file final07.txt (compact mmCIF, C-alpha atoms)
# COMPACT_ATOMS: atom_id res chain seq x y z
CA MET Q 1 -23.87 -19.88 13.76
CA ILE Q 2 -22.51 -22.06 10.97
CA ARG Q 3 -22.53 -25.02 13.37
CA THR Q 4 -26.33 -24.79 13.47
CA LEU Q 5 -26.89 -24.84 9.69
CA PRO Q 6 -28.18 -28.23 8.52
CA HIS Q 7 -26.51 -27.90 5.10
CA ARG Q 8 -23.11 -26.72 6.42
CA PRO Q 9 -19.89 -28.37 5.24
CA HIS Q 10 -18.52 -31.07 7.54
CA TYR Q 11 -15.07 -31.65 6.02
CA TYR Q 12 -12.64 -29.07 4.63
CA HIS Q 13 -9.42 -29.13 2.62
CA VAL Q 14 -7.02 -26.17 2.26
CA VAL Q 15 -4.65 -25.98 -0.71
CA THR Q 16 -1.73 -23.59 -0.14
CA TYR Q 17 0.56 -21.92 -2.66
CA GLY Q 18 3.46 -19.56 -2.04
CA CYS Q 19 5.48 -18.41 0.93
CA GLN Q 20 5.51 -19.00 4.68
CA MET Q 21 3.09 -16.10 5.14
CA ASN Q 22 0.54 -17.97 3.03
CA ALA Q 23 1.25 -21.20 4.92
CA HIS Q 24 0.53 -19.42 8.20
CA ASP Q 25 -2.63 -17.84 6.74
CA SER Q 26 -3.77 -21.38 5.90
CA GLU Q 27 -3.16 -22.41 9.51
CA LYS Q 28 -5.49 -19.59 10.58
CA ILE Q 29 -8.10 -20.60 8.02
CA ALA Q 30 -7.97 -24.17 9.34
CA GLY Q 31 -8.22 -22.89 12.91
CA MET Q 32 -11.39 -20.94 12.12
CA LEU Q 33 -12.94 -23.89 10.29
CA ASP Q 34 -12.22 -26.11 13.28
CA ARG Q 35 -14.07 -23.61 15.45
CA MET Q 36 -17.01 -23.82 13.04
CA GLY Q 37 -17.30 -27.55 13.75
CA MET Q 38 -15.62 -28.88 10.60
CA GLU Q 39 -12.91 -31.49 10.34
CA PRO Q 40 -9.93 -31.54 7.96
CA SER Q 41 -9.91 -33.98 5.05
CA THR Q 42 -6.64 -35.15 3.57
CA VAL Q 43 -8.35 -35.96 0.25
CA ARG Q 44 -9.41 -32.87 -1.67
CA GLU Q 45 -12.31 -34.39 -3.61
CA GLU Q 46 -13.82 -35.90 -0.44
CA ALA Q 47 -14.16 -32.51 1.30
CA ASP Q 48 -17.36 -30.45 1.40
CA PHE Q 49 -15.42 -27.16 1.49
CA VAL Q 50 -12.23 -26.63 -0.52
CA ILE Q 51 -10.19 -23.43 -0.17
CA PHE Q 52 -7.37 -22.43 -2.51
CA ASN Q 53 -5.02 -20.02 -0.75
CA THR Q 54 -3.20 -18.52 -3.72
CA CYS Q 55 0.07 -16.74 -4.51
CA CYS Q 56 0.68 -14.21 -7.28
CA VAL Q 57 4.37 -13.43 -6.81
CA ARG Q 58 5.23 -15.85 -9.63
CA GLU Q 59 3.03 -16.31 -12.70
CA ASN Q 60 3.56 -20.08 -12.56
CA ALA Q 61 1.96 -20.29 -9.10
CA GLU Q 62 -1.04 -18.32 -10.36
CA ARG Q 63 -1.52 -20.60 -13.38
CA ARG Q 64 -1.14 -23.71 -11.24
CA ALA Q 65 -3.76 -22.49 -8.76
CA LEU Q 66 -6.28 -21.69 -11.49
CA GLY Q 67 -5.62 -25.05 -13.13
CA ASN Q 68 -6.39 -26.88 -9.90
CA VAL Q 69 -9.52 -24.80 -9.35
CA THR Q 70 -10.71 -25.77 -12.85
CA TRP Q 71 -10.06 -29.44 -12.08
CA LEU Q 72 -12.57 -29.27 -9.22
CA LYS Q 73 -15.29 -28.32 -11.69
CA GLU Q 74 -15.46 -31.99 -12.74
CA VAL Q 75 -15.47 -33.17 -9.11
CA ARG Q 76 -18.34 -30.76 -8.45
CA LYS Q 77 -20.55 -32.63 -10.91
CA SER Q 78 -20.68 -35.61 -8.55
CA LYS Q 79 -20.71 -33.38 -5.43
CA PRO Q 80 -23.03 -30.45 -6.25
CA ASP Q 81 -23.07 -29.24 -2.64
CA MET Q 82 -19.29 -28.77 -2.48
CA ILE Q 83 -18.31 -25.19 -1.57
CA ILE Q 84 -15.23 -23.82 -3.38
CA ALA Q 85 -13.39 -20.70 -2.22
CA VAL Q 86 -10.35 -18.88 -3.60
CA CYS Q 87 -8.39 -16.51 -1.39
CA GLY Q 88 -4.88 -15.13 -0.91
CA CYS Q 89 -2.62 -12.72 -2.76
CA MET Q 90 -3.99 -13.46 -6.22
CA ILE Q 91 -7.42 -12.28 -5.14
CA GLN Q 92 -5.96 -8.91 -4.06
CA GLU Q 93 -4.91 -8.13 -7.64
CA PRO Q 94 -7.25 -5.43 -9.03
CA GLY Q 95 -10.33 -7.02 -10.55
CA MET Q 96 -9.08 -10.59 -10.07
CA ALA Q 97 -11.78 -11.65 -7.60
CA GLU Q 98 -14.57 -10.46 -9.88
CA THR Q 99 -12.89 -12.10 -12.88
CA ILE Q 100 -12.67 -15.45 -11.11
CA LEU Q 101 -16.31 -15.41 -10.04
CA LYS Q 102 -17.34 -14.45 -13.58
CA GLN Q 103 -15.16 -16.95 -15.48
CA TYR Q 104 -15.32 -19.73 -12.88
CA LYS Q 105 -19.01 -19.71 -12.04
CA PHE Q 106 -18.67 -22.86 -9.94
CA VAL Q 107 -16.54 -20.92 -7.40
CA ASN Q 108 -18.70 -19.77 -4.48
CA LEU Q 109 -16.44 -17.37 -2.60
CA ALA Q 110 -13.40 -15.14 -3.17
CA PHE Q 111 -11.71 -13.05 -0.49
CA GLY Q 112 -8.41 -11.22 -0.02
CA THR Q 113 -5.47 -11.54 2.36
CA SER Q 114 -6.80 -8.86 4.70
CA ASN Q 115 -10.21 -10.50 5.00
CA LEU Q 116 -9.22 -13.79 6.60
CA HIS Q 117 -10.93 -12.81 9.86
CA LYS Q 118 -14.21 -12.41 7.96
CA LEU Q 119 -14.26 -16.02 6.75
CA PRO Q 120 -17.00 -17.19 9.18
CA GLU Q 121 -19.24 -14.28 8.17
CA LEU Q 122 -18.56 -14.73 4.44
CA LEU Q 123 -19.15 -18.47 4.54
CA TYR Q 124 -22.42 -18.00 6.44
CA GLU Q 125 -23.64 -15.50 3.83
CA THR Q 126 -22.68 -17.88 1.03
CA LEU Q 127 -24.47 -20.84 2.63
CA ASP Q 128 -27.50 -18.75 3.56
CA SER Q 129 -28.02 -17.09 0.19
CA GLY Q 130 -26.61 -19.70 -2.18
CA MET Q 131 -25.03 -16.85 -4.12
CA GLN Q 132 -21.42 -16.04 -4.98
CA HIS Q 133 -19.63 -13.65 -2.65
CA VAL Q 134 -16.50 -11.53 -3.03
CA CYS Q 135 -14.70 -9.52 -0.35
CA VAL Q 136 -11.49 -7.59 -1.06
CA GLU Q 137 -11.01 -4.70 1.34
CA ASP Q 138 -9.47 -3.63 4.67
CA LYS Q 139 -5.81 -3.84 3.59
CA ASP Q 140 -4.71 -1.97 6.72
CA VAL Q 141 -6.41 -4.21 9.27
CA ILE Q 142 -4.53 -6.36 11.80
CA ALA Q 143 -6.82 -9.03 13.24
CA GLU Q 144 -5.50 -10.39 16.54
CA GLY Q 145 -6.53 -13.57 18.32
CA LEU Q 146 -7.49 -15.74 15.36
CA PRO Q 147 -7.42 -19.48 16.13
CA VAL Q 148 -4.59 -21.45 14.53
CA ARG Q 149 -4.35 -25.10 13.57
CA ARG Q 150 -0.58 -25.55 13.51
CA LEU Q 151 0.98 -27.86 10.96
CA ARG Q 152 3.59 -28.89 13.53
CA GLN Q 153 3.44 -28.97 17.32
CA ASP Q 154 7.19 -28.54 17.82
CA ALA Q 155 7.57 -25.46 15.57
CA ALA Q 156 5.37 -22.48 14.80
CA TYR Q 157 5.09 -19.43 12.59
CA LEU Q 158 4.70 -16.07 14.32
CA THR Q 159 3.80 -13.08 12.16
CA ILE Q 160 5.26 -9.79 13.40
CA MET Q 161 4.22 -7.49 10.56
CA TYR Q 162 2.26 -7.34 7.32
CA GLY Q 163 2.76 -5.62 3.99
CA CYS Q 164 5.71 -3.88 2.39
CA ASP Q 165 6.74 -0.29 1.62
CA ASN Q 166 9.74 -1.03 -0.59
CA PHE Q 167 8.04 -1.30 -3.99
CA CYS Q 168 10.84 -3.20 -5.71
CA SER Q 169 10.10 -2.73 -9.39
CA PHE Q 170 9.65 -6.48 -10.01
CA CYS Q 171 7.45 -7.25 -7.00
CA ILE Q 172 3.66 -7.34 -6.70
CA VAL Q 173 3.61 -7.81 -2.89
CA PRO Q 174 3.00 -4.17 -1.82
CA TYR Q 175 -0.01 -4.04 -4.14
CA VAL Q 176 -1.62 -7.22 -2.81
CA ARG Q 177 -0.44 -7.30 0.82
CA GLY Q 178 -0.71 -3.55 1.41
CA ARG Q 179 1.63 -1.14 3.16
CA GLU Q 180 3.70 -2.08 6.20
CA ARG Q 181 1.79 -2.62 9.44
CA SER Q 182 3.60 -3.87 12.52
CA ARG Q 183 1.86 -5.81 15.26
CA ASP Q 184 2.07 -4.40 18.76
CA MET Q 185 5.08 -5.86 20.56
CA LYS Q 186 3.00 -6.85 23.58
CA ALA Q 187 0.71 -8.92 21.36
CA ILE Q 188 3.70 -10.66 19.76
CA LEU Q 189 5.32 -11.43 23.12
CA TYR Q 190 2.02 -12.71 24.52
CA GLU Q 191 1.66 -15.08 21.57
CA ALA Q 192 5.29 -16.22 21.93
CA GLU Q 193 4.81 -16.92 25.63
CA GLY Q 194 1.78 -19.05 24.79
CA LEU Q 195 3.80 -20.98 22.23
CA ALA Q 196 6.56 -21.53 24.78
CA LYS Q 197 4.05 -22.92 27.30
CA SER Q 198 2.67 -25.28 24.66
CA GLY Q 199 6.12 -26.82 24.19
CA VAL Q 200 7.12 -25.22 20.89
CA LYS Q 201 10.87 -25.55 20.35
CA GLU Q 202 11.25 -23.20 17.38
CA ILE Q 203 9.47 -20.12 16.09
CA MET Q 204 9.83 -18.56 12.66
CA LEU Q 205 9.14 -14.81 12.71
CA LEU Q 206 7.39 -13.72 9.53
CA GLY Q 207 7.12 -10.47 7.63
CA GLN Q 208 7.70 -9.20 4.11
CA ASN Q 209 10.60 -7.20 5.59
CA VAL Q 210 11.14 -8.05 9.25
CA ASN Q 211 14.08 -5.61 9.46
CA SER Q 212 11.69 -2.65 9.27
CA TYR Q 213 9.49 -3.91 12.12
CA GLY Q 214 8.20 -1.13 14.36
CA LYS Q 215 7.59 1.53 11.73
CA GLY Q 216 4.43 3.41 12.65
CA LEU Q 217 4.08 2.04 16.18
CA PRO Q 218 3.80 4.69 18.94
CA ASP Q 219 6.89 3.69 20.92
CA HIS Q 220 9.04 3.07 17.79
CA PRO Q 221 10.43 -0.37 18.68
CA THR Q 222 13.02 -1.91 16.37
CA PHE Q 223 13.32 -5.45 15.11
CA ALA Q 224 16.46 -5.78 17.21
CA SER Q 225 14.60 -4.75 20.37
CA LEU Q 226 11.81 -7.24 19.59
CA LEU Q 227 14.37 -10.02 19.12
CA ARG Q 228 16.00 -9.12 22.44
CA GLU Q 229 12.65 -9.52 24.23
CA LEU Q 230 11.81 -12.77 22.43
CA ASP Q 231 15.23 -14.18 23.26
CA GLY Q 232 14.39 -13.78 26.96
CA ILE Q 233 11.23 -15.90 26.74
CA GLY Q 234 13.28 -19.06 26.44
CA ILE Q 235 12.01 -20.73 23.26
CA PRO Q 236 15.07 -22.77 22.24
CA ARG Q 237 15.24 -21.69 18.60
CA ILE Q 238 14.28 -18.40 16.92
CA ARG Q 239 14.45 -17.87 13.15
CA PHE Q 240 13.11 -15.08 10.94
CA MET Q 241 12.56 -14.08 7.33
CA THR Q 242 12.63 -12.13 5.10
CA SER Q 243 15.18 -9.34 5.55
CA HIS Q 244 15.85 -6.41 3.24
CA PRO Q 245 19.59 -5.60 3.08
CA LYS Q 246 19.04 -1.82 3.29
CA ASP Q 247 17.43 -2.20 6.73
CA LEU Q 248 19.97 -4.58 8.26
CA SER Q 249 21.26 -2.54 11.20
CA ASP Q 250 24.38 -2.85 13.33
CA GLU Q 251 22.03 -3.14 16.33
CA LEU Q 252 20.41 -6.24 14.82
CA ILE Q 253 23.80 -7.85 14.16
CA GLU Q 254 24.86 -7.13 17.76
CA VAL Q 255 21.66 -8.62 19.21
CA MET Q 256 22.08 -11.77 17.11
CA SER Q 257 25.71 -12.20 18.13
CA SER Q 258 24.94 -11.88 21.85
CA SER Q 259 21.68 -13.85 21.98
CA ARG Q 260 21.10 -17.31 23.44
CA HIS Q 261 18.30 -18.53 21.19
CA ILE Q 262 18.46 -16.63 17.87
CA LEU Q 263 19.91 -19.09 15.38
CA PRO Q 264 23.02 -18.21 13.36
CA GLN Q 265 21.18 -18.08 10.06
CA PHE Q 266 20.31 -15.15 7.81
CA HIS Q 267 18.31 -15.03 4.58
CA LEU Q 268 19.51 -11.88 2.82
CA PRO Q 269 18.11 -11.52 -0.73
CA VAL Q 270 20.57 -9.79 -3.06
CA GLN Q 271 18.62 -10.20 -6.35
CA SER Q 272 21.54 -8.94 -8.48
CA GLY Q 273 25.27 -8.26 -8.21
CA ASN Q 274 25.21 -5.24 -10.52
CA ASP Q 275 24.60 -1.69 -9.26
CA GLU Q 276 22.73 -0.53 -12.35
CA ILE Q 277 20.34 -3.48 -12.21
CA LEU Q 278 19.87 -3.00 -8.45
CA LYS Q 279 18.90 0.60 -9.13
CA LYS Q 280 16.39 -0.45 -11.81
CA MET Q 281 15.03 -2.97 -9.31
CA ASN Q 282 14.60 -0.12 -6.78
CA ARG Q 283 16.54 -2.04 -4.13
CA HIS Q 284 18.14 1.01 -2.41
CA TYR Q 285 21.58 -0.49 -1.85
CA THR Q 286 24.70 -1.06 -3.90
CA ARG Q 287 26.77 -4.17 -4.37
CA GLU Q 288 29.42 -2.76 -2.02
CA GLN Q 289 26.87 -1.92 0.68
CA TYR Q 290 25.47 -5.43 0.47
CA LEU Q 291 28.92 -6.98 0.76
CA ASP Q 292 29.62 -4.75 3.76
CA ARG Q 293 26.55 -6.19 5.53
CA VAL Q 294 27.72 -9.72 4.73
CA ARG Q 295 31.19 -8.95 6.10
CA LYS Q 296 29.78 -7.52 9.34
CA LEU Q 297 27.49 -10.53 9.82
CA ARG Q 298 30.38 -12.95 9.40
CA GLU Q 299 32.69 -10.97 11.65
CA ALA Q 300 30.11 -10.87 14.44
CA ILE Q 301 28.73 -14.41 13.96
CA PRO Q 302 31.47 -16.73 12.65
CA GLY Q 303 30.07 -19.62 10.62
CA ILE Q 304 26.68 -17.96 10.12
CA GLY Q 305 24.52 -19.66 7.51
CA LEU Q 306 23.71 -17.28 4.64
CA SER Q 307 21.07 -17.79 1.98
CA THR Q 308 19.73 -15.48 -0.71
CA ASP Q 309 17.35 -14.85 -3.63
CA ILE Q 310 18.66 -14.03 -7.11
CA ILE Q 311 16.83 -12.95 -10.27
CA VAL Q 312 18.49 -13.37 -13.66
CA SER Q 313 17.52 -11.70 -16.94
CA PHE Q 314 15.90 -8.64 -15.41
CA PRO Q 315 14.80 -6.35 -18.31
CA GLY Q 316 17.85 -4.93 -20.03
CA GLU Q 317 20.40 -7.06 -18.14
CA THR Q 318 23.55 -7.44 -20.26
CA ASP Q 319 25.94 -10.36 -20.24
CA GLU Q 320 28.43 -8.22 -18.31
CA GLN Q 321 25.82 -7.35 -15.67
CA PHE Q 322 24.92 -11.02 -15.30
CA GLU Q 323 28.62 -11.81 -14.81
CA ASP Q 324 28.61 -9.31 -11.91
CA THR Q 325 26.00 -11.50 -10.23
CA MET Q 326 28.11 -14.59 -10.87
CA SER Q 327 31.16 -12.90 -9.33
CA LEU Q 328 29.16 -11.82 -6.26
CA VAL Q 329 27.99 -15.41 -5.72
CA LYS Q 330 31.63 -16.54 -5.90
CA GLU Q 331 32.64 -13.87 -3.39
CA VAL Q 332 29.88 -14.43 -0.83
CA ARG Q 333 29.69 -18.25 -1.10
CA TYR Q 334 26.11 -18.81 0.09
CA ASP Q 335 24.97 -21.93 1.87
CA SER Q 336 21.91 -21.92 -0.39
CA ALA Q 337 20.29 -19.70 -2.99
CA PHE Q 338 16.83 -19.47 -4.52
CA THR Q 339 17.32 -18.56 -8.17
CA PHE Q 340 14.68 -17.32 -10.61
CA ILE Q 341 14.34 -16.15 -14.19
CA TYR Q 342 12.63 -12.75 -14.20
CA SER Q 343 8.87 -13.10 -14.66
CA PRO Q 344 6.79 -9.97 -15.49
CA ARG Q 345 3.93 -9.28 -13.09
CA THR Q 346 1.16 -7.03 -14.34
CA GLY Q 347 0.91 -3.88 -12.25
CA THR Q 348 4.61 -3.62 -11.39
CA LYS Q 349 6.99 -1.02 -12.80
CA ALA Q 350 9.30 -3.65 -14.28
CA ALA Q 351 6.46 -5.09 -16.36
CA ARG Q 352 6.48 -1.86 -18.37
CA MET Q 353 10.24 -1.86 -18.93
CA GLU Q 354 11.78 -2.55 -22.31
CA GLY Q 355 14.55 -5.05 -22.96
CA LEU Q 356 13.03 -8.43 -22.18
CA ILE Q 357 15.71 -11.12 -22.41
CA PRO Q 358 15.19 -13.98 -24.91
CA ASP Q 359 14.22 -17.31 -23.36
CA GLU Q 360 17.31 -19.12 -24.62
CA VAL Q 361 19.59 -16.52 -23.01
CA SER Q 362 17.66 -16.65 -19.74
CA THR Q 363 17.79 -20.45 -19.68
CA ASP Q 364 21.54 -20.45 -20.25
CA ARG Q 365 22.07 -17.89 -17.48
CA ILE Q 366 19.97 -19.70 -14.89
CA GLN Q 367 21.64 -23.02 -15.66
CA ARG Q 368 25.09 -21.47 -15.30
CA LEU Q 369 24.11 -19.78 -12.04
CA ILE Q 370 22.63 -22.97 -10.58
CA ALA Q 371 25.72 -24.97 -11.57
CA LEU Q 372 27.99 -22.38 -9.93
CA GLN Q 373 25.93 -22.24 -6.73
CA GLU Q 374 25.78 -26.02 -6.45
CA SER Q 375 29.55 -26.37 -6.81
CA LEU Q 376 30.22 -23.63 -4.27
CA GLN Q 377 27.57 -25.01 -1.92
CA GLN Q 378 29.36 -28.35 -1.80
CA GLU Q 379 32.54 -26.55 -0.75
CA THR Q 380 30.95 -24.20 1.80
CA LEU Q 381 29.03 -26.97 3.56
CA LYS Q 382 32.23 -28.97 4.10
CA ARG Q 383 33.06 -26.53 6.91
CA PHE Q 384 30.52 -28.37 9.08
CA ILE Q 385 32.22 -31.78 8.83
CA GLY Q 386 33.62 -32.72 12.23
CA GLN Q 387 31.58 -30.01 13.96
CA GLU Q 388 28.85 -30.55 16.55
CA GLU Q 389 25.35 -29.47 15.53
CA GLU Q 390 21.81 -29.60 16.90
CA ILE Q 391 18.87 -30.50 14.71
CA LEU Q 392 15.15 -30.18 15.32
CA VAL Q 393 13.84 -33.43 13.86
CA GLU Q 394 11.05 -32.82 11.33
CA GLY Q 395 10.41 -36.37 10.17
CA LEU Q 396 11.74 -39.64 8.86
CA SER Q 397 14.33 -39.48 6.13
CA ARG Q 398 12.91 -40.06 2.67
CA ARG Q 399 15.72 -42.49 1.95
CA SER Q 400 15.52 -44.67 5.07
CA LYS Q 401 13.09 -45.52 7.86
CA LEU Q 402 16.12 -45.93 10.11
CA ALA Q 403 17.08 -42.26 9.80
CA VAL Q 404 15.50 -38.89 10.57
CA SER Q 405 16.11 -35.42 9.20
CA GLY Q 406 15.68 -31.85 10.33
CA LYS Q 407 17.20 -28.40 10.16
CA GLY Q 408 20.42 -27.61 11.97
CA ARG Q 409 21.04 -24.32 13.71
CA HIS Q 410 22.43 -22.83 10.50
CA GLY Q 411 19.37 -23.72 8.43
CA ILE Q 412 20.90 -26.71 6.65
CA SER Q 413 19.13 -30.08 6.48
CA VAL Q 414 20.85 -32.82 8.48
CA THR Q 415 20.17 -36.58 8.41
CA VAL Q 416 21.05 -38.83 11.36
CA ASP Q 417 20.08 -42.31 12.52
CA GLY Q 418 16.75 -42.36 14.36
CA ASN Q 419 13.06 -43.27 14.27
CA GLU Q 420 9.58 -41.78 14.63
CA ALA Q 421 10.05 -41.30 18.38
CA ASP Q 422 12.66 -38.62 17.60
CA ILE Q 423 10.27 -36.38 15.63
CA GLY Q 424 9.91 -33.05 17.40
CA ARG Q 425 13.06 -33.53 19.52
CA ILE Q 426 16.25 -31.48 19.39
CA LEU Q 427 19.09 -33.93 18.80
CA PRO Q 428 22.80 -33.17 19.27
CA CYS Q 429 24.96 -34.74 16.60
CA ARG Q 430 28.35 -34.58 14.94
CA ILE Q 431 28.52 -33.91 11.20
CA THR Q 432 30.33 -36.73 9.42
CA GLY Q 433 29.75 -36.05 5.75
CA LEU Q 434 27.82 -34.42 2.94
CA LYS Q 435 25.38 -35.91 0.43
CA ASN Q 436 24.12 -33.57 -2.28
CA ASN Q 437 23.02 -30.52 -0.24
CA THR Q 438 22.27 -32.43 2.97
CA LEU Q 439 24.65 -32.90 5.87
CA MET Q 440 25.04 -36.39 7.30
CA GLY Q 441 25.61 -36.83 11.03
CA GLU Q 442 25.89 -39.24 13.92
CA ARG Q 443 24.10 -38.81 17.22
CA ILE Q 444 26.01 -37.69 20.25
call {"tool": "encode", "arguments": {"input": "final07.txt", "output": "structure tokens"}}
result
Amino acid sequence: MIRTLPHRPHYYHVVTYGCQMNAHDSEKIAGMLDRMGMEPSTVREEADFVIFNTCCVRENAERRALGNVTWLKEVRKSKPDMIIAVCGCMIQEPGMAETILKQYKFVNLAFGTSNLHKLPELLYETLDSGMQHVCVEDKDVIAEGLPVRRLRQDAAYLTIMYGCDNFCSFCIVPYVRGRERSRDMKAILYEAEGLAKSGVKEIMLLGQNVNSYGKGLPDHPTFASLLRELDGIGIPRIRFMTSHPKDLSDELIEVMSSSRHILPQFHLPVQSGNDEILKKMNRHYTREQYLDRVRKLREAIPGIGLSTDIIVSFPGETDEQFEDTMSLVKEVRYDSAFTFIYSPRTGTKAARMEGLIPDEVSTDRIQRLIALQESLQQETLKRFIGQEEEILVEGLSRRSKLAVSGKGRHGISVTVDGNEADIGRILPCRITGLKNNTLMGERI
């Protein structure tokens, strides 16, 4: 129906903040807007419809999103018919949608993560009435069959579940993404088969905790059983994230070790190396249990690429407890690590805890942790030198038009000689060196 409106938007622009789940939500938003007869615009201020798909996991992302929304207020003065929408996790925070529409009166529409499928209806109501609209409901819904405008034709996201039941004390996700809901396995396999037929060479399975896939489904499938079925479809490369250590089963490790297409890469967030802090974080595992999972992964899949998330200066963290994290990093020797200073999120249990760490202490800790990880990373990545690797080329190298780069099977960026014709191809190469955190290779 929007196609028939004379005053409908013709060009759209989607601004995305946050994780891969948000990136895939933006692909669905773009797919629906395509179906409504609109075209994408690469320039934000030239679009008739601008959507901010927001994140609230980190306070910085929230501030950045609101700052960019405010910037459009000036653009709106020269384009009074521009429609502005704000959606995503930030809108799911209690009262946030109403606050935005009240304080940012130039925003036309606000809707939550579970209301993506209602975008055509919401936009029509906004255009028809000229009034502001807000929709934050239906957290338990799973909308199948939404159109997708993929960012890449050679690789695709594939969501297998939504929400989270873990309620880590620092995390807002269960409150804004809802409780865990797994997609039916048949629907996932059907989508994967379609991706395979379209020529996709790599899929990234998405979920707040993919390891707990299947909970609540009638036939009680496991993530391992889903991976086994996906491996048989024949898509060359299968990745997944994110995994909670407490749900990493021996069955999953066995399926990975015996598969043909599941890549030898695992993102396993540890958050802290101290048992007392892990308990305060409500992580449901100990340091020793985590290290046991790492040992089993490496025994079953030699050379597996391991990455992690780490939070420093959690409320009450002592110097000794921080040193436990440093010693764990030395012991595990990750290929890469995403490191953060604890940031309070309103509505979480940790935000009410006492013992906030002074900024100067937090800054010193994060700098020491980053320096340690970078030095260890240089050593761990040297194991690839002389080895054969396959990379899925993502684009031209930023340093040279005579080279291309992409991710290897272990999740590490690799640069080799090449040109635009190689983008989207899987290239065999031999690793010859290391530059910063990127492997350098030569084509085979």
call {"tool": "closest_residue", "arguments": {"input": "final07.txt", "among": "Q:Ile310, Q:Gly31, Q:Gln132, Q:Leu252", "to": "Leu146 in chain Q", "atoms": "only C-alpha atoms"}}
result
Q:Gly31
call {"tool": "residues_around", "arguments": {"input": "final07.txt", "residues": "Thr325 in chain Q", "least_positions_apart": "5", "cutoff": "12 Å", "atoms": "all atoms listed in the file", "output": "ChimeraX atom specification"}}
result
/Q:270-278,287,309-314,317-320,330-333,339,365-366,368-370,372-373
call {"tool": "closest_residue", "arguments": {"input": "final07.txt", "among": "Q:Arg58, Q:Arg298, Q:Arg443, Q:His13", "to": "Ile341 in chain Q", "atoms": "all atoms listed in the file"}}
result
Q:Arg58
call {"tool": "residues_around", "arguments": {"input": "final07.txt", "residues": "Asp231 in chain Q", "least_positions_apart": "4", "cutoff": "12 Å", "atoms": "only C-alpha atoms", "output": "ChimeraX atom specification"}}
result
/Q:189,192-193,196,202-203,224-227,235-239,255-263
call {"tool": "atom_distance", "arguments": {"input": "final07.txt", "atom1": "CA of Gly234 in chain Q", "atom2": "CA of Ala300 in chain Q"}}
result
22.2 Å
call {"tool": "atom_distance", "arguments": {"input": "final07.txt", "atom1": "CA of Asp335 in chain Q", "atom2": "CA of Ile412 in chain Q"}}
result
7.9 Å
call {"tool": "closest_residue", "arguments": {"input": "final07.txt", "among": "Q:Pro94, Q:Pro302, Q:Pro80, Q:Gly395", "to": "Phe106 in chain Q", "atoms": "all atoms listed in the file"}}
result
Q:Pro80
call {"tool": "atom_distance", "arguments": {"input": "final07.txt", "atom1": "CA of Phe52 in chain Q", "atom2": "CA of Val15 in chain Q"}}
result
4.8 Å
call {"tool": "residues_around", "arguments": {"input": "final07.txt", "residues": "Ser243 in chain Q", "least_positions_apart": "5", "cutoff": "7 Å", "atoms": "all atoms listed in the file", "output": "PDB file with C-alpha atoms, keeping the file's coordinate frame"}}
result
ATOM      1  CA  ASN Q 209      10.600  -7.200   5.590  1.00  0.00           C
ATOM      2  CA  VAL Q 210      11.140  -8.050   9.250  1.00  0.00           C
ATOM      3  CA  ASN Q 211      14.080  -5.610   9.460  1.00  0.00           C
ATOM      4  CA  HIS Q 267      18.310 -15.030   4.580  1.00  0.00           C
ATOM      5  CA  LEU Q 268      19.510 -11.880   2.820  1.00  0.00           C
TER       6      LEU Q 268
END
call {"tool": "residues_around", "arguments": {"input": "final07.txt", "residues": "Ile444 in chain Q", "least_positions_apart": "5", "cutoff": "12 Å", "atoms": "all atoms listed in the file", "output": "mmCIF file with C-alpha atoms, in the coordinates of the input"}}
result
data_model
loop_
_atom_site.group_PDB
_atom_site.id
_atom_site.type_symbol
_atom_site.label_atom_id
_atom_site.label_comp_id
_atom_site.auth_asym_id
_atom_site.auth_seq_id
_atom_site.Cartn_x
_atom_site.Cartn_y
_atom_site.Cartn_z
ATOM 1 C CA GLN Q 387 31.580 -30.010 13.960
ATOM 2 C CA GLU Q 388 28.850 -30.550 16.550
ATOM 3 C CA GLU Q 389 25.350 -29.470 15.530
ATOM 4 C CA GLU Q 390 21.810 -29.600 16.900
ATOM 5 C CA ILE Q 391 18.870 -30.500 14.710
ATOM 6 C CA VAL Q 416 21.050 -38.830 11.360
ATOM 7 C CA ASP Q 417 20.080 -42.310 12.520
ATOM 8 C CA GLY Q 418 16.750 -42.360 14.360
ATOM 9 C CA ILE Q 426 16.250 -31.480 19.390
ATOM 10 C CA LEU Q 427 19.090 -33.930 18.800
ATOM 11 C CA PRO Q 428 22.800 -33.170 19.270
ATOM 12 C CA CYS Q 429 24.960 -34.740 16.600
ATOM 13 C CA ARG Q 430 28.350 -34.580 14.940
ATOM 14 C CA ILE Q 431 28.520 -33.910 11.200
ATOM 15 C CA THR Q 432 30.330 -36.730 9.420
#
